[in-house]
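**Q** Got a structure for you, written out below as structure tokens; questions coming shortly.
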Amino acid sequence: MSTRTTVQTRRRVQLRLRRLSREVPRQLGLAVVALLFVLPLYWLVKMSVGPATSRGSTLFLDLGDLTLDNYVYVLRDSEFLRWLVNSVVVSSAAAAIGVVTSLFAAYSLARLRFRGRTLFLQLVVVTQMIPSILVAIPLFVILIRLHLNDSLVGLSLTYVSLVLPFGVWMLYGFITELPIELEEAAFIDGANRFQVVTRVLLPVAAPGLATVGIFSFLLAWEDFLLGLMILSSSDKLTLTVAASRLVTDNLTYYGYIGAFGVLGLVPVMVIFAFLQKYIVRGLTAGAIK
Amino acid sequence: MTTSSSSADGDRRGDELGEPAARVLRSQRRRSRPAQIEPTRARRRREALTAWGYLSPAALLLALVFLFPMVMAVVLSFSSYDVVKRTIRLVRLDNYMDLLQNPVFLSSVLTTVKWTVAVVFLSYGLALAIAGLVNGAVHGARLYRVLFGLPWAVPPVFAALIWAALWDPNGGGVNGILKSAGIGDGHYNWLGSTDLALPSLVIVGVWRFAPFMVLSILAGMQSVDPQLYEAAALDGAGGWRRFWSVTFPLIRPVSVVVLTLTTIWAARHFDMIWTLTHGGPANATHVISVYSYEETVLNANVGNGSTAAVILSVLLLALALTMSKRLTEGAK
């Protein structure tokens, strides 16, 4: 240090200060915004561990009043677990059907030539913009005719309509990006088209399929309108429809709401935590290209 | 491109696919195989059939649960459906004429526009602000990405649940925080007053929709070549200037896509608005989707409801088309 001149030291300090003065307000600003985003979720957790009818009007936890009673109530004394199972079953069905049918549909659109191909593609794009209410009304009427209203089977079928356009569109984009040489090589080795799809394309397209599966699951999971119209008995409800019934004009059971919300969000949060990479990639894939 | 045929290859593939298949493959190889040729008419026809073979389950399902109901909804909008007598009577454009002169519907259009514009603008502004703060690389980017993306994971109805508790007039979160901060007496009726209901909903909407914009724009920013920043810095551009001249133009394509998507999602949104206010108070938050639902399910007026939904769909389609046209032009 004794070999450095005071001028050099002062300049280093100046540079560091300048960088700090830029970095600190940046971090501060970002932290404030991030906190605002997280605040409602924090509030939910806070309500869930407070007394059942607590007003919970302060920002900070009242450490003396922490309790898990709300969770016990939700898990034991309400139909929460049944609603959770309903949601899981219906969303998984939608995802499974969605992935399989989307794969074959997207493959034909991407690799085969036939009349009506461009029309079908345009249709797939257009159907993504339709508000659900347009399709929900006739679907409801059809389901009543088939005596499938107020049933999870009927609901799963309607979720296919939610899930298919998006899945086909996404897989189409994905497959067109894959090099065709792989399939050509497989053809030359004598495989028929079905084998090409299942043995050659499937492993390579696996990330795209995973993304479509996850998206389909999430789309079905967070649906509200179709469930609201089709389901009515209490034991058939999905989580979203059941949650909406908690919102009344006179909210008193904050604790219950908090616990219900936290437990209801756990599955989705877990999925997002582990699969965020796929989700963001899937959503922005079209944009960045 | 033709590989040499050998029974050894056939055996190998046969092991994978089973003995009968191996026999078939071996016999196929012995027949002469042409190199890549132009697809003949017969082959093209076969391709088309295969295509439809694969397509048919998906097409069938899509037709059953989507196209058919959509066509039916459009037909319903051109008719008058008597729920009691179960009869449909075509009335041509009467529904549309009636609706376009219906003050309730017209005000719902206005409310939808207000809601959509507010949510999209505020979300985009927020996304730009965050992008400006980030402006390149930043410490803890991964953590911020998770935190900013959290509301996106929340199903809209659960978001409504959370915000119902926050906006509650008698001890909700917002009132409580304001009271602790010394503002007001803690009894503002956010969702129940005609002036405050829509702004409160807009805030919920921004909370729920902005994360997608934020994450997309941040992702778009990552593809910006850092050398451009250096070049700009060398040219003497400060932080702000760098953002406007370098970052902003380069995230335009992402911005257009994200703005279009969010506009469509906001304009047709139903879940949070219905759960929180049912379109009230006094139609302050009465958007088209709520109107359509009410007419169909509560007033049994399927014709009106379908017509409103069709009008909304057409508007959204027009919007998406103009946006996509602008995007493809901008890319050139």
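All residue names refer to the structure tokens as shown: chains lettered A, B, ... in order, residues numbered from 1 in each chain, ligands numbered from 1 in order.
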Please identify all polymer residues within 12 Å of A:Ala206, counting only C-alpha atoms, omitting same-chain residues fewer than 4 positions from it, and present them as a PyMOL selection string.
**A** chain A and resi 99-100+103+171+174-175+178+197-202+210-213+278
**Q** Restricting it to N, CA, C and O atoms, dump the selection as a short mmCIF file (atom, residue, chain, number, x, y, z; two decimals), in the first residue's frame.
**A**
```cif
data_model
loop_
_atom_site.label_atom_id
_atom_site.label_comp_id
_atom_site.auth_asym_id
_atom_site.auth_seq_id
_atom_site.Cartn_x
_atom_site.Cartn_y
_atom_site.Cartn_z
N VAL A 99 -51.87 -33.14 -23.75
CA VAL A 99 -50.55 -33.43 -24.28
C VAL A 99 -50.61 -34.41 -25.44
O VAL A 99 -50.03 -34.19 -26.51
N VAL A 100 -51.35 -35.49 -25.25
CA VAL A 100 -51.37 -36.53 -26.28
C VAL A 100 -51.97 -36.00 -27.57
O VAL A 100 -51.40 -36.13 -28.65
N LEU A 103 -49.86 -33.31 -29.30
CA LEU A 103 -48.67 -33.81 -29.97
C LEU A 103 -48.99 -34.25 -31.39
O LEU A 103 -48.33 -33.83 -32.35
N LEU A 171 -46.84 -26.58 -29.26
CA LEU A 171 -46.08 -27.72 -29.78
C LEU A 171 -45.76 -27.52 -31.25
O LEU A 171 -44.70 -27.94 -31.72
N PHE A 174 -42.79 -25.54 -31.40
CA PHE A 174 -41.66 -26.30 -30.91
C PHE A 174 -41.17 -27.28 -31.97
O PHE A 174 -39.98 -27.39 -32.23
N ILE A 175 -42.11 -27.99 -32.61
CA ILE A 175 -41.72 -29.03 -33.55
C ILE A 175 -41.09 -28.42 -34.80
O ILE A 175 -40.12 -28.96 -35.36
N LEU A 178 -37.45 -28.09 -34.52
CA LEU A 178 -36.58 -29.26 -34.45
C LEU A 178 -36.04 -29.59 -35.83
O LEU A 178 -36.74 -29.49 -36.83
N VAL A 197 -42.78 -40.80 -34.84
CA VAL A 197 -43.28 -39.87 -33.83
C VAL A 197 -42.97 -40.37 -32.44
O VAL A 197 -42.47 -39.65 -31.58
N THR A 198 -43.27 -41.65 -32.19
CA THR A 198 -43.15 -42.10 -30.81
C THR A 198 -41.71 -42.36 -30.40
O THR A 198 -41.34 -42.13 -29.26
N ARG A 199 -40.87 -42.84 -31.34
CA ARG A 199 -39.54 -43.18 -30.88
C ARG A 199 -38.50 -42.12 -31.12
O ARG A 199 -37.52 -42.03 -30.40
N VAL A 200 -38.68 -41.37 -32.18
CA VAL A 200 -37.65 -40.38 -32.49
C VAL A 200 -38.04 -39.00 -31.98
O VAL A 200 -37.27 -38.31 -31.32
N LEU A 201 -39.27 -38.60 -32.28
CA LEU A 201 -39.68 -37.24 -31.95
C LEU A 201 -39.92 -37.08 -30.46
O LEU A 201 -39.56 -36.07 -29.86
N LEU A 202 -40.54 -38.06 -29.87
CA LEU A 202 -40.96 -37.95 -28.48
C LEU A 202 -39.83 -37.60 -27.53
O LEU A 202 -39.93 -36.63 -26.77
N ALA A 210 -43.38 -31.43 -21.86
CA ALA A 210 -43.49 -31.11 -20.43
C ALA A 210 -44.12 -29.75 -20.24
O ALA A 210 -45.00 -29.56 -19.40
N THR A 211 -43.65 -28.79 -21.04
CA THR A 211 -44.21 -27.45 -20.92
C THR A 211 -45.70 -27.44 -21.21
O THR A 211 -46.49 -26.83 -20.47
N VAL A 212 -46.11 -28.13 -22.27
CA VAL A 212 -47.53 -28.17 -22.60
C VAL A 212 -48.32 -28.83 -21.48
O VAL A 212 -49.40 -28.37 -21.08
N GLY A 213 -47.77 -29.92 -20.95
CA GLY A 213 -48.45 -30.61 -19.86
C GLY A 213 -48.64 -29.70 -18.66
O GLY A 213 -49.73 -29.61 -18.08
N TYR A 278 -39.46 -23.71 -17.20
CA TYR A 278 -40.27 -24.14 -18.33
C TYR A 278 -41.37 -23.13 -18.63
O TYR A 278 -41.67 -22.84 -19.77
#
```
**Q** Quick one: everything within 10 Å of B:Ala197, counting only C-alpha atoms, minus sequence neighbours fewer than 3 positions away in the same chain. Send it as a list in words.
**A** Trp167, Asn189, Trp190, Leu191, Gly192, Ser193, Thr194, Ser200, Leu201, Val202, Leu276, Thr277, Gly279, Gly280, Pro281, Asn283, Ala284 and Thr285 of chain B
**Q** Would you output that residue set with N, CA and C atoms, as an mmCIF file, in the first residue's frame?
**A**
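What follows is the written file part-v9.cif:
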```
data_model
loop_
_atom_site.group_PDB
_atom_site.id
_atom_site.type_symbol
_atom_site.label_atom_id
_atom_site.label_comp_id
_atom_site.auth_asym_id
_atom_site.auth_seq_id
_atom_site.Cartn_x
_atom_site.Cartn_y
_atom_site.Cartn_z
ATOM 1 N N TRP B 167 -59.140 -5.473 1.001
ATOM 2 C CA TRP B 167 -59.970 -4.311 0.758
ATOM 3 C C TRP B 167 -61.163 -4.241 1.716
ATOM 4 N N ASN B 189 -64.616 2.178 2.358
ATOM 5 C CA ASN B 189 -65.332 1.091 1.705
ATOM 6 C C ASN B 189 -64.852 0.972 0.263
ATOM 7 N N TRP B 190 -63.745 0.252 0.110
ATOM 8 C CA TRP B 190 -63.088 0.242 -1.192
ATOM 9 C C TRP B 190 -63.954 -0.377 -2.277
ATOM 10 N N LEU B 191 -64.423 -1.584 -2.018
ATOM 11 C CA LEU B 191 -65.136 -2.273 -3.072
ATOM 12 C C LEU B 191 -66.614 -1.936 -3.094
ATOM 13 N N GLY B 192 -67.071 -1.232 -2.097
ATOM 14 C CA GLY B 192 -68.504 -0.974 -2.013
ATOM 15 C C GLY B 192 -68.918 0.411 -2.445
ATOM 16 N N SER B 193 -67.940 1.256 -2.755
ATOM 17 C CA SER B 193 -68.318 2.607 -3.159
ATOM 18 C C SER B 193 -68.099 2.762 -4.652
ATOM 19 N N THR B 194 -68.997 3.470 -5.284
ATOM 20 C CA THR B 194 -68.962 3.543 -6.738
ATOM 21 C C THR B 194 -67.706 4.226 -7.256
ATOM 22 N N SER B 200 -59.862 0.150 -7.125
ATOM 23 C CA SER B 200 -59.398 -0.955 -6.294
ATOM 24 C C SER B 200 -59.234 -2.211 -7.116
ATOM 25 N N LEU B 201 -60.166 -2.462 -8.011
ATOM 26 C CA LEU B 201 -60.059 -3.644 -8.871
ATOM 27 C C LEU B 201 -58.861 -3.530 -9.791
ATOM 28 N N VAL B 202 -58.605 -2.324 -10.278
ATOM 29 C CA VAL B 202 -57.459 -2.131 -11.175
ATOM 30 C C VAL B 202 -56.167 -2.510 -10.454
ATOM 31 N N LEU B 276 -65.129 -10.445 -6.639
ATOM 32 C CA LEU B 276 -64.987 -9.340 -5.703
ATOM 33 C C LEU B 276 -66.201 -8.417 -5.668
ATOM 34 N N THR B 277 -66.785 -8.119 -6.832
ATOM 35 C CA THR B 277 -67.844 -7.106 -6.809
ATOM 36 C C THR B 277 -69.125 -7.515 -7.529
ATOM 37 N N GLY B 279 -69.738 -7.090 -10.358
ATOM 38 C CA GLY B 279 -70.077 -6.055 -11.330
ATOM 39 C C GLY B 279 -70.579 -4.777 -10.683
ATOM 40 N N GLY B 280 -70.788 -4.801 -9.392
ATOM 41 C CA GLY B 280 -71.293 -3.614 -8.718
ATOM 42 C C GLY B 280 -70.187 -2.734 -8.194
ATOM 43 N N PRO B 281 -70.435 -1.832 -7.294
ATOM 44 C CA PRO B 281 -71.772 -1.411 -6.904
ATOM 45 C C PRO B 281 -72.399 -0.478 -7.938
ATOM 46 N N ASN B 283 -73.171 -1.126 -10.953
ATOM 47 C CA ASN B 283 -72.528 -1.300 -12.253
ATOM 48 C C ASN B 283 -71.235 -0.538 -12.410
ATOM 49 N N ALA B 284 -70.584 -0.220 -11.316
ATOM 50 C CA ALA B 284 -69.321 0.510 -11.430
ATOM 51 C C ALA B 284 -68.225 -0.355 -12.029
ATOM 52 N N THR B 285 -68.306 -1.663 -11.807
ATOM 53 C CA THR B 285 -67.273 -2.544 -12.340
ATOM 54 C C THR B 285 -67.880 -3.540 -13.318
#
```
**Q** Would you mind listing what lies within 12 Å of B:Ala159 as a PyMOL selection string, with only C-alpha atoms counted and same-chain residues fewer than 2 positions away left out?
**A** (chain A and resi 37+40-41+43-44+222+240+243-244+247+257-258+261-262+264-265) or (chain B and resi 150-157+161-167+201+203-209+271-273+275-276)
**Q** With a distance cut-off of 10 Å and only C-alpha atoms, select the neighbouring residues of A:Thr67, excluding the residue or stretch itself and same-chain residues fewer than 3 positions from it, and output the selection as a VMD selection string.
**A** chain A and resid 48 to 52 63 to 64 70 to 72 255
**Q** For C-alpha atoms, I'd like the residues from the last selection saved as a tab-separated table (two decimals), in the first residue's frame.
**A**
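Done, and the output landed in selection27.tsv:
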```
chain	number	residue	atom	x	y	z
A	48	SER	CA	-53.88	-17.89	8.57
A	49	VAL	CA	-51.91	-18.05	11.81
A	50	GLY	CA	-53.99	-15.51	13.64
A	51	PRO	CA	-57.24	-16.05	15.55
A	52	ALA	CA	-60.17	-17.22	13.48
A	63	LEU	CA	-46.70	-13.06	18.28
A	64	GLY	CA	-48.80	-13.81	21.30
A	70	ASN	CA	-57.36	-22.45	11.27
A	71	TYR	CA	-55.36	-25.05	9.43
A	72	VAL	CA	-56.85	-27.79	11.54
A	255	GLY	CA	-58.42	-17.07	9.85
```
**Q** Would you kindly return, as a PyMOL selection string, each protein, DNA or RNA residue with an atom no farther than 8 Å from any atom of B:Val109, considering only C-alpha atoms and excluding same-chain residues fewer than 4 positions away?
**A** chain B and resi 105+113+287-288
**Q** One decimal, Å: what's the distance from atom CA of A:Thr118 over to atom CA of B:Leu61, could you say?
**A** 18.9 Å
**Q** Got a sec to tell me which of stretch 35-264 of chain A DSSP assigns to helix (DSSP H, G or I), as a PyMOL selection string?
**A** chain A and resi 35-48+63-65+69-77+80-111+117-127+132-145+152-177+181-188+193-221+225-230+234-236+239-246+254-264
**Q** In Å to one decimal, how far is atom CA of B:Val290 from atom CA of A:Ala95?
**A** 28.0 Å
**Q** Please list as a VMD selection string every residue within 10 Å of A:Ala106, counting only C-alpha atoms and excluding residues in the same chain fewer than 3 positions away.
**A** (chain A and resid 101 to 103 109 to 112 121 167 to 176) or (chain B and resid 54 to 55 58)
**Q** Include C-alpha atoms and write out the residues we just selected as a short mmCIF file (atom, residue, chain, number, x, y, z; two decimals), in the first residue's frame.
**A**
```cif
data_model
loop_
_atom_site.label_atom_id
_atom_site.label_comp_id
_atom_site.auth_asym_id
_atom_site.auth_seq_id
_atom_site.Cartn_x
_atom_site.Cartn_y
_atom_site.Cartn_z
CA THR A 101 -53.79 -34.91 -28.69
CA SER A 102 -51.71 -31.78 -29.03
CA LEU A 103 -48.67 -33.81 -29.97
CA LEU A 109 -49.52 -29.37 -38.83
CA ALA A 110 -45.77 -29.07 -38.68
CA ARG A 111 -44.59 -31.88 -40.88
CA LEU A 112 -47.34 -32.94 -43.23
CA LEU A 121 -53.44 -23.14 -38.05
CA GLY A 167 -51.11 -26.88 -26.57
CA VAL A 168 -51.32 -27.34 -30.32
CA TRP A 169 -49.99 -23.86 -30.96
CA MET A 170 -47.10 -24.26 -28.58
CA LEU A 171 -46.08 -27.72 -29.78
CA TYR A 172 -46.38 -26.58 -33.39
CA GLY A 173 -43.86 -23.85 -32.72
CA PHE A 174 -41.66 -26.30 -30.91
CA ILE A 175 -41.72 -29.03 -33.55
CA THR A 176 -41.03 -26.68 -36.43
CA TYR B 54 -53.33 -37.99 -36.71
CA LEU B 55 -55.28 -34.84 -36.65
CA ALA B 58 -57.58 -33.59 -31.83
#
```
**Q** What's the separation between atom CA of B:Gly173 and atom CA of B:Ala127, in Å to one decimal place?
**A**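 Here the two named atoms are 25.1 Å from each other.
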